[in-house]
Protein chains: 2
Amino acid sequence: MAPIVPRSGDAVFANVERVNAELFTLTYGAIVRQLLTDLEEVEEVNKQLDQMGYNIGIRLIDEFLAKSNVSRCVDFKETAEVIAKVGFKMFLGVSASVTNWDADGMSCSLILEDNPLVDFVELPDTCQGLYYCNVLSGVIRGALEMVSMKTEVTWVRDMLRGDDAYELKVKLLKQVSEEYPYKDDE
Amino acid sequence: MAPIVPRSGDAVFANVERVNAELFTLTYGAIVRQLLTDLEEVEEVNKQLDQMGYNIGIRLIDEFLAKSNVSRCVDFKETAEVIAKVGFKMFLGVSASVTNWDADGMSCSLILEDNPLVDFVELPDTCQGLYYCNVLSGVIRGALEMVSMKTEVTWVRDMLRGDDAYELKVKLLKQVSEEYPYKDDE
């Protein structure tokens, strides 16, 4: 039998069910607006978006593993590359690049080359402090937790806040052993 | 110059920017969950989802008109067909059928053949009364209002509530004249 080869992000994205990106962008915008109205405090909105992302991420990882044919990554460096090149492509249709590794390979930055979440978005002055795309940090954190990596994901740069790129810092806090006292098929 | 021909829903959908449908489904689920937590009353959640849909619809119509090459519909019957065959396809990647016309052609039903919003969704007993997909009724209402049609859009059948289909009733309340005292280019 031929070995199962991991598929490129483009190949996966071409074969999954999709919806119109503008509908997604506007729907996401409607959530943020709703949260701003309901919660008032920008800091609370950041937390909720992150939590929503986490809840999405812990489910999205199943689709990712099922459709991408990606198997266990050898280390955190490979994991980061897979998120950037396959994960972002598969879900948002865009790629990211990985950079700014620290000396011990425990943290890096993901730079988004494009960001469909922010099309048509401008933040009013009252929303300074908002991390509009905070759902993304939550998704990554949630998805990685399901493959036994505890991470901290934070924004370093955000174009909606005047920076020149979207940059997420992903720091590996702890890699949980996956050895269980039993196997599924026993 | 060749006349501009309206494009089929499939053709339009193939050429727009898209994102992964599962990401959209999970994101929408996260909104509904958030609203249920924040608002507590199911009836309030229904209202908010409809309002969010309205806000989305009044913007989505621009993308629809720009990408579909659909021009002014001759009557409400044609409008309903265009929503079903081009609109649903273009944004959600699914079609709907139009049925149950009343005698004077002022109301009809849209039956969804597939509904990406509800993949993996089961409603707990505490959510009886929730119209989970109420964002859709708001989107249609909002979009039609921008082309001068005041409508009322309500759910007749909802599979999450045990029915055998998703059926939305669209009733034309008032067609506003588009004659203004001035033109844009004057």
# chains A, B, ... in the order shown; residues from 1 in each chain; ligands from 1

$ interface_residues --of "chain A" --to "chain B" --cutoff "6 Å" --atoms "only C-alpha atoms" --output "NGL selection string"
:A and (17-21 or 26 or 30 or 52 or 56 or 91-93)

$ write_last_selection --atoms "C-alpha atoms" --output "PDB file, in the first residue's frame"
ATOM      1  CA  GLU A  17     -16.473  22.462   1.605  1.00  0.00           C
ATOM      2  CA  ARG A  18     -16.297  26.223   1.536  1.00  0.00           C
ATOM      3  CA  VAL A  19     -18.446  29.287   1.987  1.00  0.00           C
ATOM      4  CA  ASN A  20     -18.074  32.826   0.690  1.00  0.00           C
ATOM      5  CA  ALA A  21     -15.258  34.670   2.474  1.00  0.00           C
ATOM      6  CA  LEU A  26     -19.197  40.031   7.905  1.00  0.00           C
ATOM      7  CA  ALA A  30     -21.166  40.919  13.643  1.00  0.00           C
ATOM      8  CA  MET A  52     -14.571  31.416  21.387  1.00  0.00           C
ATOM      9  CA  ILE A  56     -13.518  26.385  17.786  1.00  0.00           C
ATOM     10  CA  PHE A  91      -9.227  27.142   6.840  1.00  0.00           C
ATOM     11  CA  LEU A  92      -8.783  30.735   5.732  1.00  0.00           C
ATOM     12  CA  GLY A  93      -7.304  30.209   2.293  1.00  0.00           C
TER      13      GLY A  93
END

$ residues_around --residues "region 122-134 of chain A" --least-positions-apart "3" --cutoff "10 Å" --atoms "only C-alpha atoms" --output "number ranges by chain"
A: 28-29, 32-33, 36, 40-53, 115, 117-119, 137-139, 153-155, 158, 160-161, 166, 168

$ write_last_selection --atoms "N, CA and C atoms" --output "short mmCIF file (atom, residue, chain, number, x, y, z; two decimals), in the first residue's frame"
data_model
loop_
_atom_site.label_atom_id
_atom_site.label_comp_id
_atom_site.auth_asym_id
_atom_site.auth_seq_id
_atom_site.Cartn_x
_atom_site.Cartn_y
_atom_site.Cartn_z
N TYR A 28 -18.18 37.38 11.21
CA TYR A 28 -17.23 37.59 12.31
C TYR A 28 -17.33 39.02 12.84
N GLY A 29 -17.46 39.97 11.93
CA GLY A 29 -17.63 41.37 12.34
C GLY A 29 -18.87 41.54 13.21
N VAL A 32 -18.08 40.46 16.78
CA VAL A 32 -17.26 41.40 17.54
C VAL A 32 -18.12 42.58 17.99
N ARG A 33 -18.94 43.05 17.05
CA ARG A 33 -19.82 44.17 17.36
C ARG A 33 -20.78 43.83 18.50
N LEU A 36 -18.93 43.77 21.77
CA LEU A 36 -18.64 45.13 22.23
C LEU A 36 -19.87 45.76 22.87
N GLU A 40 -19.11 45.72 26.86
CA GLU A 40 -18.62 47.08 27.09
C GLU A 40 -17.10 47.18 27.24
N GLU A 41 -16.52 46.41 28.15
CA GLU A 41 -15.07 46.50 28.34
C GLU A 41 -14.32 45.80 27.21
N VAL A 42 -13.42 46.53 26.56
CA VAL A 42 -12.66 45.98 25.45
C VAL A 42 -11.84 44.76 25.90
N GLU A 43 -11.31 44.84 27.09
CA GLU A 43 -10.49 43.74 27.61
C GLU A 43 -11.32 42.45 27.74
N GLU A 44 -12.57 42.60 28.13
CA GLU A 44 -13.47 41.45 28.22
C GLU A 44 -13.77 40.87 26.84
N VAL A 45 -13.91 41.76 25.86
CA VAL A 45 -14.16 41.31 24.49
C VAL A 45 -12.97 40.49 23.99
N ASN A 46 -11.76 40.99 24.26
CA ASN A 46 -10.56 40.23 23.88
C ASN A 46 -10.60 38.82 24.48
N LYS A 47 -10.96 38.74 25.74
CA LYS A 47 -11.01 37.44 26.43
C LYS A 47 -12.05 36.52 25.80
N GLN A 48 -13.22 37.08 25.52
CA GLN A 48 -14.30 36.26 24.94
C GLN A 48 -13.95 35.76 23.55
N LEU A 49 -13.34 36.63 22.75
CA LEU A 49 -12.95 36.21 21.39
C LEU A 49 -11.94 35.08 21.47
N ASP A 50 -11.00 35.21 22.41
CA ASP A 50 -10.00 34.16 22.59
C ASP A 50 -10.67 32.85 23.03
N GLN A 51 -11.62 32.97 23.93
CA GLN A 51 -12.31 31.77 24.43
C GLN A 51 -13.15 31.12 23.32
N MET A 52 -13.81 31.95 22.52
CA MET A 52 -14.57 31.42 21.39
C MET A 52 -13.64 30.70 20.43
N GLY A 53 -12.49 31.30 20.19
CA GLY A 53 -11.50 30.68 19.31
C GLY A 53 -11.04 29.34 19.86
N ASN A 115 -5.23 38.59 5.58
CA ASN A 115 -6.08 38.32 6.73
C ASN A 115 -7.54 38.60 6.39
N LEU A 117 -10.16 38.14 7.88
CA LEU A 117 -11.03 38.61 8.97
C LEU A 117 -11.22 40.12 8.97
N VAL A 118 -10.26 40.85 8.44
CA VAL A 118 -10.28 42.30 8.61
C VAL A 118 -10.71 43.09 7.38
N ASP A 119 -11.15 42.40 6.32
CA ASP A 119 -11.61 43.15 5.15
C ASP A 119 -12.71 44.13 5.55
N SER A 137 -5.93 33.60 17.86
CA SER A 137 -5.01 33.11 18.90
C SER A 137 -5.68 31.98 19.67
N GLY A 138 -6.97 32.12 19.92
CA GLY A 138 -7.68 31.07 20.63
C GLY A 138 -7.76 29.77 19.83
N VAL A 139 -7.99 29.90 18.53
CA VAL A 139 -8.08 28.70 17.68
C VAL A 139 -6.77 27.92 17.73
N VAL A 153 -0.49 32.15 23.16
CA VAL A 153 -0.50 32.77 21.84
C VAL A 153 -0.90 34.24 22.00
N THR A 154 -0.03 35.14 21.58
CA THR A 154 -0.29 36.56 21.80
C THR A 154 0.03 37.37 20.54
N TRP A 155 -0.64 38.50 20.39
CA TRP A 155 -0.38 39.39 19.26
C TRP A 155 0.85 40.24 19.51
N ASP A 158 -0.33 44.16 14.90
CA ASP A 158 -1.72 44.11 14.46
C ASP A 158 -1.96 45.35 13.59
N LEU A 160 -4.57 46.61 12.42
CA LEU A 160 -5.68 47.46 12.84
C LEU A 160 -5.28 48.41 13.96
N ARG A 161 -4.14 48.10 14.59
CA ARG A 161 -3.62 48.98 15.63
C ARG A 161 -2.46 49.81 15.10
N TYR A 166 0.42 41.48 10.57
CA TYR A 166 -0.25 40.70 11.63
C TYR A 166 0.74 39.66 12.09
N LEU A 168 1.62 36.93 15.20
CA LEU A 168 1.20 36.19 16.40
C LEU A 168 2.42 35.48 16.98
#

$ select_by_dssp --residues "chain B" --states "helix (DSSP H, G or I)" --output "number ranges by chain"
B: 9-15, 21-39, 42-68, 76-92, 116-118, 125-127, 134-146, 159-161

$ residues_around --residues "Glu145 (chain B)" --least-positions-apart "4" --cutoff "10 Å" --atoms "only C-alpha atoms" --output "list in words"
Tyr54, Gly57, Ile58, Ile61, Val139, Ile140, Arg141, Met149, Lys150, Thr151, Lys174, Gln175 and Val176 of chain B

$ atom_distance --atom1 "CA of Leu112 (chain A)" --atom2 "CA of Thr79 (chain A)"
16.2 Å

$ atom_distance --atom1 "CA of Val147 (chain A)" --atom2 "CA of Phe120 (chain B)"
21.4 Å

$ select_by_dssp --residues "region 3-185 of chain B" --states "strand (DSSP E or B)" --output "VMD selection string"
chain B and resid 18 to 20 96 to 99 107 to 112 149 to 157 166 to 175

$ write_last_selection --atoms "C-alpha atoms" --output "tab-separated table (two decimals), in the first residue's frame"
chain	number	residue	atom	x	y	z
B	18	ARG	CA	-13.89	31.44	0.12
B	19	VAL	CA	-13.10	30.03	3.54
B	20	ASN	CA	-13.53	26.55	4.99
B	96	ALA	CA	-32.79	26.44	-2.33
B	97	SER	CA	-36.05	25.84	-4.08
B	98	VAL	CA	-39.00	28.21	-4.24
B	99	THR	CA	-42.50	26.93	-3.55
B	107	SER	CA	-45.37	35.38	-0.50
B	108	CYS	CA	-43.50	32.15	-1.05
B	109	SER	CA	-41.33	29.62	0.71
B	110	LEU	CA	-37.62	28.96	0.26
B	111	ILE	CA	-36.71	25.36	1.01
B	112	LEU	CA	-33.04	24.77	1.74
B	149	MET	CA	-38.36	45.53	-0.89
B	150	LYS	CA	-39.71	45.52	2.64
B	151	THR	CA	-40.25	41.90	3.61
B	152	GLU	CA	-41.15	39.73	6.56
B	153	VAL	CA	-39.10	36.53	6.75
B	154	THR	CA	-40.11	33.74	9.12
B	155	TRP	CA	-39.34	30.08	9.70
B	156	VAL	CA	-42.08	27.64	8.77
B	157	ARG	CA	-40.08	24.44	9.23
B	166	TYR	CA	-35.69	24.05	6.47
B	167	GLU	CA	-38.41	26.32	5.12
B	168	LEU	CA	-38.38	30.10	5.22
B	169	LYS	CA	-41.46	32.08	4.34
B	170	VAL	CA	-40.73	35.36	2.59
B	171	LYS	CA	-43.59	37.81	2.40
B	172	LEU	CA	-43.39	41.05	0.44
B	173	LEU	CA	-44.89	43.81	2.55
B	174	LYS	CA	-44.12	46.85	0.47
B	175	GLN	CA	-42.15	47.71	-2.59

$ atom_distance --atom1 "CA of Arg72 (chain B)" --atom2 "CA of Val86 (chain B)"
13.9 Å

$ residues_around --residues "Asp75 (chain B)" --least-positions-apart "4" --cutoff "10 Å" --atoms "only C-alpha atoms" --output "ChimeraX atom specification"
/B:79-80,105-106
